[in-house]
>>> print(open('protein-v3.cif').read())   # mmCIF, C-alpha atoms
data_query
loop_
_atom_site.label_atom_id
_atom_site.label_comp_id
_atom_site.auth_asym_id
_atom_site.auth_seq_id
_atom_site.Cartn_x
_atom_site.Cartn_y
_atom_site.Cartn_z
CA MET A 17 281.52 225.10 77.78
CA LEU A 18 280.46 221.95 79.59
CA ASP A 19 277.80 219.73 78.13
CA HIS A 20 275.77 218.45 81.05
CA ALA A 21 273.47 216.35 78.88
CA SER A 22 276.37 214.50 77.29
CA ASN A 23 277.28 210.90 77.97
CA LYS A 24 280.74 212.12 78.75
CA PRO A 25 281.38 212.55 82.46
CA ILE A 26 282.14 216.09 83.54
CA TYR A 27 285.66 215.24 84.72
CA ILE A 28 286.57 213.97 81.26
CA GLN A 29 285.18 217.17 79.76
CA ILE A 30 287.36 219.09 82.22
CA ALA A 31 290.43 217.06 81.20
CA GLU A 32 289.70 217.79 77.53
CA TRP A 33 289.21 221.48 78.21
CA LEU A 34 292.57 221.58 79.99
CA GLU A 35 294.18 219.77 77.07
CA ASN A 36 292.82 222.43 74.75
CA GLU A 37 294.32 225.13 76.96
CA VAL A 38 297.70 223.42 76.57
CA LEU A 39 297.31 222.78 72.81
CA SER A 40 296.40 226.39 72.15
CA GLY A 41 299.38 227.58 74.17
CA ARG A 42 297.28 229.46 76.70
CA VAL A 43 299.05 227.38 79.31
CA GLU A 44 302.59 226.49 78.31
CA ALA A 45 305.00 223.71 79.20
CA GLY A 46 306.52 224.28 82.62
CA GLU A 47 303.68 226.56 83.69
CA LYS A 48 301.29 225.91 86.52
CA ILE A 49 297.88 224.66 85.42
CA TYR A 50 294.59 225.65 87.05
CA SER A 51 293.94 224.24 90.50
CA GLN A 52 290.92 222.08 91.28
CA TYR A 53 289.40 225.05 93.11
CA GLN A 54 289.89 227.45 90.21
CA LEU A 55 288.27 224.91 87.91
CA ALA A 56 285.42 224.31 90.36
CA ASP A 57 284.72 228.03 90.54
CA ARG A 58 285.01 228.57 86.82
CA PHE A 59 282.75 225.71 85.78
CA ASN A 60 280.50 225.66 88.82
CA ILE A 61 281.32 222.07 89.63
CA ASN A 62 282.30 220.14 92.72
CA PRO A 63 286.07 220.45 93.39
CA ALA A 64 286.32 216.65 93.62
CA THR A 65 285.10 216.40 90.01
CA ALA A 66 287.68 218.96 88.92
CA ALA A 67 290.38 217.02 90.81
CA LYS A 68 289.44 213.88 88.90
CA GLY A 69 290.00 215.70 85.61
CA LEU A 70 293.43 216.83 86.78
CA LYS A 71 294.26 213.33 87.99
CA LEU A 72 293.49 211.98 84.54
CA LEU A 73 296.04 214.35 83.02
CA ALA A 74 298.60 213.40 85.65
CA GLU A 75 298.12 209.71 84.84
CA GLU A 76 298.77 210.47 81.18
CA GLU A 77 301.89 212.44 82.16
CA ILE A 78 300.54 215.63 80.67
CA VAL A 79 300.94 217.37 84.02
CA HIS A 80 302.89 216.50 87.13
CA LYS A 81 302.36 217.35 90.73
CA ARG A 82 304.78 219.38 92.77
CA ARG A 83 304.11 218.89 96.39
CA GLY A 84 302.45 221.91 97.93
CA LEU A 85 302.78 223.93 94.73
CA GLY A 86 300.21 222.43 92.40
CA MET A 87 300.17 220.79 88.99
CA PHE A 88 302.59 221.81 86.25
CA VAL A 89 302.49 221.18 82.50
CA GLU A 90 305.08 218.64 81.32
CA GLU A 91 307.59 219.56 78.63
CA LYS A 92 306.24 216.92 76.27
CA ALA A 93 302.60 217.67 77.05
CA VAL A 94 301.66 219.01 73.62
CA ASN A 95 303.11 215.96 71.87
CA ILE A 96 301.40 213.54 74.20
CA ILE A 97 298.03 215.24 73.71
CA ARG A 98 298.46 215.42 69.93
CA GLU A 99 299.39 211.75 69.63
CA LYS A 100 296.57 210.67 71.90
CA ARG A 101 293.97 212.75 70.12
CA LYS A 102 295.16 211.61 66.71
CA ASN A 103 294.98 207.97 67.70
CA LYS A 104 291.72 208.16 69.57
CA THR A 105 289.53 211.17 68.90
CA LEU A 106 290.43 211.79 65.30
CA LYS A 107 290.24 208.12 64.37
CA ARG A 108 286.85 207.78 66.02
CA MET A 109 285.53 210.81 64.16
CA LEU A 110 286.90 209.51 60.89
CA ARG A 111 285.26 206.17 61.52
CA GLU A 112 281.93 207.99 61.92
CA ILE A 113 282.54 209.86 58.68
CA VAL A 114 283.41 206.71 56.76
CA LYS A 115 280.32 205.00 58.15
CA GLU A 116 278.11 207.88 57.00
CA ALA A 117 279.85 207.94 53.62
CA ASN A 118 279.15 204.24 53.17
CA TYR A 119 275.50 204.80 54.02
CA LEU A 120 275.31 207.48 51.38
CA ASP A 121 277.34 205.56 48.78
CA VAL A 122 279.96 208.26 48.71
CA SER A 123 283.15 206.90 47.20
CA MET A 124 286.54 207.24 48.82
CA ASP A 125 287.65 209.63 46.05
CA GLU A 126 284.59 211.78 46.50
CA LEU A 127 285.15 211.82 50.26
CA SER A 128 288.81 212.80 49.89
CA GLU A 129 287.81 215.60 47.57
CA MET A 130 285.23 216.88 50.08
CA LEU A 131 287.78 216.68 52.85
CA ARG A 132 290.36 218.55 50.80
CA ARG A 133 287.91 221.34 50.01
CA ILE A 134 286.86 221.74 53.62
CA HIS A 135 290.50 221.77 54.65
CA GLU A 136 291.11 224.64 52.23
CA GLU A 137 288.10 226.60 53.47
CA GLU A 138 289.21 226.20 57.08
CA GLY A 139 292.69 227.30 56.10
CA GLU A 140 291.35 230.54 54.57
CA GLU A 141 289.44 231.44 57.69
CA GLU A 142 292.50 231.38 59.89
CA MET B 4 287.27 211.00 108.59
CA THR B 5 283.73 209.73 108.99
CA VAL B 6 281.44 212.46 110.29
CA ILE B 7 278.11 210.67 110.02
CA ASP B 8 277.55 207.00 110.64
CA VAL B 9 274.13 205.40 110.50
CA ARG B 10 273.55 201.71 111.36
CA GLY B 11 270.22 199.97 111.12
CA LEU B 12 268.32 203.22 111.48
CA THR B 13 264.61 202.60 111.75
CA LYS B 14 261.95 205.17 112.48
CA GLN B 15 258.35 204.23 112.94
CA TYR B 16 255.36 206.45 113.43
CA GLY B 17 251.94 205.00 114.02
CA GLY B 18 252.95 201.56 112.81
CA LEU B 19 254.35 202.99 109.58
CA HIS B 20 258.02 202.47 108.76
CA ALA B 21 259.23 205.90 107.71
CA LEU B 22 262.79 204.54 107.72
CA ASN B 23 263.69 200.90 107.56
CA ALA B 24 267.10 199.57 108.67
CA ILE B 25 269.17 202.19 106.88
CA ASN B 26 272.98 201.92 106.82
CA PHE B 27 275.45 204.42 105.41
CA SER B 28 278.27 206.70 106.40
CA ILE B 29 279.49 210.06 105.20
CA GLU B 30 283.07 211.28 105.03
CA GLU B 31 283.89 214.84 106.03
CA ASN B 32 283.97 217.79 103.65
CA LYS B 33 281.83 216.37 100.90
CA ILE B 34 278.70 217.75 99.31
CA ILE B 35 276.09 215.02 99.29
CA GLY B 36 272.68 214.96 97.67
CA LEU B 37 269.99 213.02 99.48
CA ILE B 38 267.62 212.03 96.72
CA GLY B 39 264.25 210.35 96.86
CA ARG B 40 260.67 210.81 95.78
CA ASN B 41 258.16 212.64 97.93
CA GLY B 42 257.50 210.55 101.00
CA ALA B 43 260.68 208.48 100.63
CA GLY B 44 261.78 209.45 104.13
CA LYS B 45 264.33 212.17 103.32
CA SER B 46 263.16 214.66 105.94
CA THR B 47 262.77 211.99 108.61
CA LEU B 48 266.31 210.78 107.94
CA LEU B 49 267.74 214.29 108.07
CA LYS B 50 265.86 215.07 111.27
CA CYS B 51 267.33 211.94 112.85
CA LEU B 52 270.81 213.20 111.86
CA ALA B 53 270.04 216.63 113.29
CA GLY B 54 268.91 215.08 116.56
CA TYR B 55 265.30 216.24 116.20
CA TYR B 56 263.98 212.68 116.22
CA HIS B 57 264.92 209.73 118.34
CA PRO B 58 265.29 206.56 116.23
CA THR B 59 262.90 203.69 116.95
CA ASP B 60 265.81 201.34 116.40
CA GLY B 61 269.41 201.46 115.25
CA GLN B 62 272.21 203.90 115.84
CA VAL B 63 273.07 207.37 114.59
CA ARG B 64 276.49 208.91 115.19
CA VAL B 65 277.19 212.49 114.20
CA LEU B 66 280.72 213.80 114.85
CA GLY B 67 281.11 210.77 117.09
CA GLU B 68 278.06 211.51 119.23
CA ASP B 69 274.42 210.57 119.47
CA PRO B 70 272.87 213.77 118.06
CA PHE B 71 269.70 213.48 120.14
CA ASP B 72 269.91 215.98 123.03
CA SER B 73 273.51 216.82 122.15
CA LEU B 74 274.55 220.43 122.61
CA PHE B 75 277.83 219.68 120.85
CA VAL B 76 276.00 218.50 117.74
CA SER B 77 273.57 221.41 117.74
CA GLU B 78 276.52 223.82 117.80
CA ASN B 79 278.27 222.04 114.95
CA LEU B 80 275.34 221.12 112.75
CA ILE B 81 272.65 223.28 111.24
CA PHE B 82 269.41 221.95 109.84
CA VAL B 83 267.71 224.25 107.36
CA ASP B 84 264.23 223.76 105.96
CA ASP B 85 261.23 225.94 105.22
CA GLU B 86 259.71 225.21 108.61
CA MET B 87 262.51 226.77 110.66
CA SER B 88 260.67 228.80 113.20
CA PHE B 89 261.79 232.19 114.34
CA SER B 90 260.11 234.52 116.79
CA SER B 91 257.72 236.91 115.10
CA GLU B 92 258.68 239.49 117.73
CA ILE B 93 262.13 240.16 116.32
CA THR B 94 263.28 241.53 112.97
CA LEU B 95 265.36 239.74 110.33
CA ALA B 96 268.40 241.77 111.36
CA ASP B 97 267.92 240.59 114.96
CA ILE B 98 267.63 236.98 113.83
CA LEU B 99 271.01 237.27 112.11
CA GLN B 100 272.48 238.76 115.30
CA THR B 101 271.09 235.91 117.38
CA ALA B 102 272.47 233.30 114.96
CA ALA B 103 275.85 235.06 115.15
CA ARG B 104 275.87 234.57 118.92
CA PHE B 105 275.01 230.89 118.71
CA TYR B 106 277.23 229.59 115.90
CA PRO B 107 280.97 229.88 116.66
CA ASN B 108 282.03 230.17 112.99
CA TRP B 109 279.24 232.52 111.91
CA ASN B 110 280.32 234.96 109.20
CA GLN B 111 278.46 238.24 109.63
CA THR B 112 280.08 239.95 106.64
CA LEU B 113 278.84 237.27 104.28
CA ALA B 114 275.43 237.29 105.97
CA GLN B 115 275.12 241.05 105.51
CA ARG B 116 276.21 240.92 101.88
CA LEU B 117 273.80 238.13 100.99
CA PHE B 118 271.05 239.91 102.94
CA ASP B 119 271.56 243.03 100.83
CA TYR B 120 272.04 241.13 97.58
CA PHE B 121 268.68 239.40 97.98
CA SER B 122 267.04 242.73 98.94
CA PHE B 123 265.93 241.92 102.47
CA ARG B 124 265.11 244.86 104.71
CA PRO B 125 266.48 244.82 108.28
CA ASN B 126 263.12 245.66 109.85
CA GLN B 127 261.14 242.94 108.08
CA LEU B 128 259.63 240.12 110.10
CA HIS B 129 260.18 236.47 109.16
CA SER B 130 256.41 235.88 109.26
CA GLU B 131 255.88 238.53 106.57
CA LEU B 132 258.07 236.78 104.02
CA SER B 133 256.81 234.92 100.96
CA LYS B 134 257.60 231.21 100.51
CA GLY B 135 260.56 231.87 98.24
CA LYS B 136 261.89 234.60 100.48
CA ILE B 137 261.67 232.34 103.53
CA SER B 138 263.79 229.74 101.75
CA THR B 139 266.26 232.40 100.67
CA PHE B 140 266.58 233.85 104.17
CA ASN B 141 266.96 230.41 105.76
CA MET B 142 269.60 229.55 103.18
CA ILE B 143 271.61 232.62 104.28
CA ILE B 144 271.48 231.39 107.87
CA GLY B 145 272.54 227.90 106.78
CA LEU B 146 275.50 229.14 104.75
CA CYS B 147 276.76 231.75 107.16
CA ALA B 148 276.62 229.47 110.21
CA ARG B 149 279.54 227.58 108.60
CA THR B 150 278.96 224.63 110.86
CA LYS B 151 280.97 221.42 110.39
CA ILE B 152 277.81 219.81 109.05
CA THR B 153 275.20 221.76 107.11
CA ILE B 154 271.91 220.13 106.20
CA PHE B 155 269.53 221.71 103.72
CA ASP B 156 266.18 219.95 103.45
CA GLU B 157 264.57 220.88 100.11
CA PRO B 158 266.27 224.28 100.32
CA THR B 159 264.96 225.67 97.06
CA THR B 160 261.22 225.38 97.80
CA GLY B 161 259.51 228.40 96.29
CA MET B 162 262.73 229.94 94.97
CA ASP B 163 262.60 231.05 91.36
CA TYR B 164 265.17 229.82 88.87
CA SER B 165 267.52 232.75 89.20
CA VAL B 166 267.61 232.54 93.00
CA ARG B 167 268.18 228.79 92.82
CA LYS B 168 271.14 229.34 90.53
CA ASP B 169 272.49 231.99 92.89
CA PHE B 170 272.06 229.62 95.80
CA TYR B 171 274.00 226.76 94.18
CA ARG B 172 276.72 229.19 93.18
CA ALA B 173 276.94 230.76 96.64
CA LEU B 174 277.03 227.31 98.22
CA LEU B 175 279.85 226.16 95.97
CA LYS B 176 281.91 229.34 96.36
CA ASP B 177 281.64 229.27 100.13
CA TYR B 178 282.41 225.55 100.20
CA ILE B 179 285.56 226.07 98.11
CA LYS B 180 286.78 228.62 100.66
CA HIS B 181 285.55 226.73 103.70
CA PRO B 182 285.17 223.03 102.97
CA ARG B 183 282.64 221.31 105.20
CA THR B 184 280.12 218.52 105.05
CA ILE B 185 276.97 219.64 103.29
CA ILE B 186 273.89 217.50 102.72
CA LEU B 187 271.16 218.73 100.40
CA SER B 188 267.93 216.90 99.95
CA SER B 189 265.95 217.18 96.78
CA HIS B 190 263.54 215.24 94.67
CA LEU B 191 265.12 216.78 91.59
CA LEU B 192 268.76 216.41 90.77
CA ASN B 193 269.45 218.00 87.45
CA GLU B 194 270.02 221.55 88.67
CA LEU B 195 272.42 220.60 91.41
CA GLU B 196 274.12 217.46 90.19
CA THR B 197 277.37 219.16 89.18
CA VAL B 198 277.69 220.71 92.63
CA LEU B 199 277.38 217.34 94.34
CA GLU B 200 280.14 214.83 94.87
CA THR B 201 278.01 211.91 95.98
CA ILE B 202 274.37 211.02 95.96
CA LEU B 203 272.51 208.97 98.49
CA LEU B 204 269.28 207.59 97.12
CA ILE B 205 266.50 206.31 99.34
CA ASP B 206 263.08 204.94 98.50
CA GLU B 207 260.15 204.03 100.72
CA GLY B 208 262.34 204.38 103.80
CA ARG B 209 265.04 202.11 102.46
CA PHE B 210 268.59 202.70 101.30
CA VAL B 211 268.96 202.25 97.53
CA ILE B 212 272.39 203.45 96.47
CA GLN B 213 275.29 205.68 97.53
CA GLU B 214 277.60 206.55 94.69
CA SER B 215 279.66 209.38 93.29
CA VAL B 216 277.78 211.38 90.66
CA ASP B 217 280.58 210.84 88.14
CA GLN B 218 280.58 207.11 88.61
CA LEU B 219 276.83 206.81 88.38
CA LYS B 220 276.92 208.85 85.20
CA GLU B 221 279.70 206.71 83.75
CA LYS B 222 277.91 203.50 84.55
CA SER B 223 274.55 204.40 83.09
CA TYR B 224 273.70 203.97 79.44
CA GLY B 225 270.63 204.25 77.30
CA LEU B 226 270.65 201.55 74.63
CA THR B 227 268.42 201.12 71.62
CA GLY B 228 268.59 198.00 69.51
CA SER B 229 266.94 194.75 68.59
CA GLU B 230 266.03 192.35 71.37
CA GLU B 231 268.55 189.89 69.93
CA SER B 232 271.48 192.32 69.99
CA LEU B 233 270.67 193.55 73.51
CA SER B 234 270.63 190.00 74.83
CA HIS B 235 274.44 189.95 74.49
CA LEU B 236 274.93 192.33 77.40
CA PRO B 237 277.30 191.08 80.09
CA GLY B 238 275.55 189.27 82.93
CA ASP B 239 276.50 191.70 85.70
CA VAL B 240 274.71 194.59 84.03
CA GLN B 241 271.58 195.78 85.78
CA ILE B 242 268.64 196.58 83.52
CA LEU B 243 266.76 199.45 85.13
CA HIS B 244 264.19 200.12 82.52
CA GLU B 245 262.93 198.54 79.35
CA GLU B 246 260.57 199.87 76.73
CA GLU B 247 259.40 198.36 73.47
CA LEU B 248 259.66 200.67 70.52
CA SER B 249 258.20 200.27 67.07
CA GLY B 250 259.98 198.09 64.51
CA ASN B 251 261.04 195.40 66.98
CA GLN B 252 263.39 197.82 68.68
CA VAL B 253 263.90 197.92 72.42
CA TYR B 254 265.11 200.82 74.57
CA GLN B 255 266.93 199.89 77.74
CA VAL B 256 268.47 201.90 80.52
CA ILE B 257 271.27 199.93 82.10
CA LEU B 258 273.69 200.33 84.97
CA GLY B 259 277.04 198.59 84.74
CA ASP B 260 280.63 198.75 83.58
CA LEU B 261 280.91 198.22 79.86
CA THR B 262 284.39 197.67 78.46
CA GLU B 263 285.40 199.40 75.23
CA GLU B 264 285.33 195.98 73.62
CA THR B 265 281.72 195.33 74.68
CA LYS B 266 280.71 198.77 73.48
CA ARG B 267 282.28 198.20 70.09
CA LYS B 268 280.61 194.82 69.82
CA LEU B 269 277.22 196.34 70.60
CA GLU B 270 277.78 199.14 68.12
CA LYS B 271 278.58 196.60 65.43
CA GLU B 272 275.20 195.05 66.07
CA ASP B 273 273.64 198.48 65.50
CA VAL B 274 272.93 199.18 69.15
CA GLN B 275 272.72 202.91 69.67
CA PHE B 276 274.02 204.57 72.80
CA SER B 277 272.29 207.63 74.23
CA PRO B 278 272.89 209.66 77.37
CA VAL B 279 270.66 209.11 80.38
CA SER B 280 270.19 211.84 82.95
CA ILE B 281 270.99 211.02 86.55
CA ASP B 282 267.44 212.06 87.35
CA ASP B 283 266.13 209.31 85.11
CA VAL B 284 268.52 206.76 86.58
CA CYS B 285 267.27 207.65 90.07
CA LEU B 286 263.70 207.49 88.86
CA TYR B 287 264.15 204.00 87.41
CA LEU B 288 265.99 202.84 90.52
CA THR B 289 263.01 203.83 92.65
CA LYS B 290 260.12 203.26 90.32
CA ALA B 291 257.17 201.37 91.64
CA LYS B 292 257.23 197.95 90.03
CA ARG B 293 253.49 198.12 89.37
CA GLY B 294 253.76 199.91 86.05
CA GLY B 295 253.74 203.60 85.29
CA ILE B 296 251.11 206.22 84.61
CA ASP B 297 250.19 204.47 81.35
CA HIS B 298 248.97 201.55 83.40
CA VAL B 299 246.35 203.75 85.08
CA PHE B 300 244.79 204.58 81.72
CA GLU B 301 244.66 201.05 80.39
#
>>> encode(input="protein-v3.cif", output="structure tokens")
Amino acid sequence: MLDHASNKPIYIQIAEWLENEVLSGRVEAGEKIYSQYQLADRFNINPATAAKGLKLLAEEEIVHKRRGLGMFVEEKAVNIIREKRKNKTLKRMLREIVKEANYLDVSMDELSEMLRRIHEEEGEEE
Amino acid sequence: MTVIDVRGLTKQYGGLHALNAINFSIEENKIIGLIGRNGAGKSTLLKCLAGYYHPTDGQVRVLGEDPFDSLFVSENLIFVDDEMSFSSEITLADILQTAARFYPNWNQTLAQRLFDYFSFRPNQLHSELSKGKISTFNMIIGLCARTKITIFDEPTTGMDYSVRKDFYRALLKDYIKHPRTIILSSHLLNELETVLETILLIDEGRFVIQESVDQLKEKSYGLTGSEESLSHLPGDVQILHEEELSGNQVYQVILGDLTEETKRKLEKEDVQFSPVSIDDVCLYLTKAKRGGIDHVFE
């Protein structure tokens, strides 16, 4: 679940994992999200690292803190995560793809066609 | 709250500086890794904290007191290593009983459960145990004492991989329930780095760096590119290691804050980024400047 060899710090991986929990609906808006101690136990990491992941989400207003009660998922959390991922993660991945396509002299039309086909395949699996 | 404060700590034996003017402090309830190569002075430092050694110079404060000859510190701090000596007259079960009487927060239930889990027999003697078993038994004592400060000096000596994993897990689970200051020394980081909050790196008796594991990880990069493109790195970046590769390429390990803009600029110049393990960063931070093993064979 966590990639310890990755360049990505563990707390960012934790933040992303939590975002996925929200995106998939396993934790819904208004619900309490995992505590730093639950995350520490689950991923076998220092609670301070887990807290940093939660803090990141709080800064992005994906969760908010209720004194003495814990962190709760914001109403707009899913939208915020989607927008952020679209603008950052997805764009970065696409940039990689375009770079590779240029290396291989794959035209934009060819690339779109490949993308469309893969999109269809993925759709069938679901 | 600061629980350990060390100023100018120097320890000499026979004219040799085992520790040389070390300064650092440790806040309560953190898990710290004391990292350094063999002979760096880790054990000497920890023994000064535990009050076993009297510093040649400088000051050590543990829970506000000089640990040397302090009953208060010995009640609130446990030092665990593979040389802990126990009477060979009494059984393992008796040792646990004795520890229970000495340490005010001792947890006998946990001790008994770990004792059974690791298949110790109550009538065994400490002197009959194998190396790995000694470490495992001592670890049980260290965990169950639940002292304000717990020091493990190379706790996993002789433990096999599965026991080491169990140990880190047990340590973390008990820490989550009962936060306290825990210092672990090791020459190898990779297995325990996620359990740690901070690392304290020493080399040849000197302080090198004290930093959170996350921050160290975020600040270290492996870069591969042409010499020309790598020369555009910001000035405040520390180059820890440099290697020439074939085809005029250079591999560098650097420590520093790179902005997204700098990263993008480097990427445009075909500089490749690769992850660097914290173990490697520590190695490069403490590497003898005289050249590596290759040098010996030249």
>>> atom_distance(input="protein-v3.cif", atom1="CA of Thr201 (chain B)", atom2="CA of His20 (chain B)")
25.5 Å
>>> interface_residues(input="protein-v3.cif", of="chain A", to="chain B", cutoff="10 Å", atoms="all atoms listed in the file", output="PDB file with C-alpha atoms, keeping the file's coordinate frame")
ATOM      1  CA  HIS A  20     275.770 218.450  81.050  1.00  0.00           C
ATOM      2  CA  ALA A  21     273.470 216.350  78.880  1.00  0.00           C
ATOM      3  CA  SER A  22     276.370 214.500  77.290  1.00  0.00           C
ATOM      4  CA  ASN A  23     277.280 210.900  77.970  1.00  0.00           C
ATOM      5  CA  LYS A  24     280.740 212.120  78.750  1.00  0.00           C
ATOM      6  CA  PRO A  25     281.380 212.550  82.460  1.00  0.00           C
ATOM      7  CA  ILE A  26     282.140 216.090  83.540  1.00  0.00           C
ATOM      8  CA  TYR A  27     285.660 215.240  84.720  1.00  0.00           C
ATOM      9  CA  ILE A  28     286.570 213.970  81.260  1.00  0.00           C
ATOM     10  CA  GLN A  52     290.920 222.080  91.280  1.00  0.00           C
ATOM     11  CA  TYR A  53     289.400 225.050  93.110  1.00  0.00           C
ATOM     12  CA  GLN A  54     289.890 227.450  90.210  1.00  0.00           C
ATOM     13  CA  ALA A  56     285.420 224.310  90.360  1.00  0.00           C
ATOM     14  CA  ASP A  57     284.720 228.030  90.540  1.00  0.00           C
ATOM     15  CA  PHE A  59     282.750 225.710  85.780  1.00  0.00           C
ATOM     16  CA  ASN A  60     280.500 225.660  88.820  1.00  0.00           C
ATOM     17  CA  ILE A  61     281.320 222.070  89.630  1.00  0.00           C
ATOM     18  CA  ASN A  62     282.300 220.140  92.720  1.00  0.00           C
ATOM     19  CA  PRO A  63     286.070 220.450  93.390  1.00  0.00           C
ATOM     20  CA  ALA A  64     286.320 216.650  93.620  1.00  0.00           C
ATOM     21  CA  THR A  65     285.100 216.400  90.010  1.00  0.00           C
ATOM     22  CA  LYS A  68     289.440 213.880  88.900  1.00  0.00           C
TER      23      LYS A  68
END
>>> residues_around(input="protein-v3.cif", residues="Ala74 (chain A)", least_positions_apart="5", cutoff="12 Å", atoms="all atoms listed in the file", output="JSON, numbers by chain")
{"A": [31, 34, 35, 49, 67, 68, 69, 79, 80, 81, 82, 86, 87, 88, 89, 90, 93, 96]}
>>> resolve_selection(input="protein-v3.cif", expression="the PyMOL selection byres ((chain B and resi 68) around 12)", output="list in words")
Thr5, Val6, Ile7, Asp8, Val9, Leu52, Ala53, Gly54, Gln62, Val63, Arg64, Val65, Leu66, Gly67, Asp69, Pro70, Phe71, Asp72, Ser73, Leu74, Phe75, Val76, Ser77, Asn79 and Leu80 of chain B
>>> resolve_selection(input="protein-v3.cif", expression="the PyMOL selection byres ((chain B and resi 161) around 8)", output="list in words")
Lys134, Gly135, Lys136, Ser138, Thr159, Thr160, Met162 and Asp163 of chain B
>>> closest_residue(input="protein-v3.cif", among="B:Met87, B:Ala148, B:Val299, B:Ile38", to="Tyr106 (chain B)", atoms="all atoms listed in the file")
B:Ala148
>>> resolve_selection(input="protein-v3.cif", expression="the PyMOL selection byres ((chain B and resi 84) around 9)", output="list of chain:residue names")
B:Phe82, B:Val83, B:Asp85, B:Glu86, B:Met87, B:Ser138, B:Asn141, B:Met142, B:Ile154, B:Phe155, B:Asp156, B:Glu157, B:Pro158, B:Thr160
>>> build_atoms(input="protein-v3.cif", residues="region 106-122 of chain B", atoms="N, CA and C atoms", output="PDB file, in the frame of the given file")
ATOM      1  N   TYR B 106     276.322 230.416 116.702  1.00  0.00           N
ATOM      2  CA  TYR B 106     277.230 229.590 115.900  1.00  0.00           C
ATOM      3  C   TYR B 106     278.652 230.152 115.950  1.00  0.00           C
ATOM      4  N   PRO B 107     279.607 229.368 116.443  1.00  0.00           N
ATOM      5  CA  PRO B 107     280.970 229.880 116.660  1.00  0.00           C
ATOM      6  C   PRO B 107     281.653 230.373 115.381  1.00  0.00           C
ATOM      7  N   ASN B 108     281.349 229.749 114.221  1.00  0.00           N
ATOM      8  CA  ASN B 108     282.030 230.170 112.990  1.00  0.00           C
ATOM      9  C   ASN B 108     281.188 231.095 112.110  1.00  0.00           C
ATOM     10  N   TRP B 109     280.138 231.643 112.664  1.00  0.00           N
ATOM     11  CA  TRP B 109     279.240 232.520 111.910  1.00  0.00           C
ATOM     12  C   TRP B 109     280.020 233.617 111.196  1.00  0.00           C
ATOM     13  N   ASN B 110     279.660 233.865 109.927  1.00  0.00           N
ATOM     14  CA  ASN B 110     280.320 234.960 109.200  1.00  0.00           C
ATOM     15  C   ASN B 110     279.326 236.083 108.922  1.00  0.00           C
ATOM     16  N   GLN B 111     279.432 237.142 109.704  1.00  0.00           N
ATOM     17  CA  GLN B 111     278.460 238.240 109.630  1.00  0.00           C
ATOM     18  C   GLN B 111     278.627 239.057 108.346  1.00  0.00           C
ATOM     19  N   THR B 112     279.868 239.160 107.871  1.00  0.00           N
ATOM     20  CA  THR B 112     280.080 239.950 106.640  1.00  0.00           C
ATOM     21  C   THR B 112     279.340 239.306 105.475  1.00  0.00           C
ATOM     22  N   LEU B 113     279.522 237.989 105.349  1.00  0.00           N
ATOM     23  CA  LEU B 113     278.840 237.270 104.280  1.00  0.00           C
ATOM     24  C   LEU B 113     277.326 237.376 104.459  1.00  0.00           C
ATOM     25  N   ALA B 114     276.863 237.218 105.689  1.00  0.00           N
ATOM     26  CA  ALA B 114     275.430 237.290 105.970  1.00  0.00           C
ATOM     27  C   ALA B 114     274.866 238.635 105.513  1.00  0.00           C
ATOM     28  N   GLN B 115     275.575 239.701 105.854  1.00  0.00           N
ATOM     29  CA  GLN B 115     275.120 241.050 105.510  1.00  0.00           C
ATOM     30  C   GLN B 115     275.105 241.248 104.001  1.00  0.00           C
ATOM     31  N   ARG B 116     276.123 240.732 103.339  1.00  0.00           N
ATOM     32  CA  ARG B 116     276.210 240.920 101.880  1.00  0.00           C
ATOM     33  C   ARG B 116     275.116 240.136 101.168  1.00  0.00           C
ATOM     34  N   LEU B 117     274.869 238.916 101.613  1.00  0.00           N
ATOM     35  CA  LEU B 117     273.800 238.130 100.990  1.00  0.00           C
ATOM     36  C   LEU B 117     272.439 238.767 101.287  1.00  0.00           C
ATOM     37  N   PHE B 118     272.282 239.239 102.499  1.00  0.00           N
ATOM     38  CA  PHE B 118     271.050 239.910 102.940  1.00  0.00           C
ATOM     39  C   PHE B 118     270.725 241.089 102.010  1.00  0.00           C
ATOM     40  N   ASP B 119     271.748 241.884 101.730  1.00  0.00           N
ATOM     41  CA  ASP B 119     271.560 243.030 100.830  1.00  0.00           C
ATOM     42  C   ASP B 119     271.333 242.586  99.392  1.00  0.00           C
ATOM     43  N   TYR B 120     272.128 241.591  98.964  1.00  0.00           N
ATOM     44  CA  TYR B 120     272.040 241.130  97.580  1.00  0.00           C
ATOM     45  C   TYR B 120     270.629 240.632  97.272  1.00  0.00           C
ATOM     46  N   PHE B 121     270.019 239.929  98.212  1.00  0.00           N
ATOM     47  CA  PHE B 121     268.680 239.400  97.980  1.00  0.00           C
ATOM     48  C   PHE B 121     267.577 240.367  98.430  1.00  0.00           C
ATOM     49  N   SER B 122     267.975 241.621  98.640  1.00  0.00           N
ATOM     50  CA  SER B 122     267.040 242.730  98.940  1.00  0.00           C
ATOM     51  C   SER B 122     266.136 242.486 100.146  1.00  0.00           C
TER      52      SER B 122
END
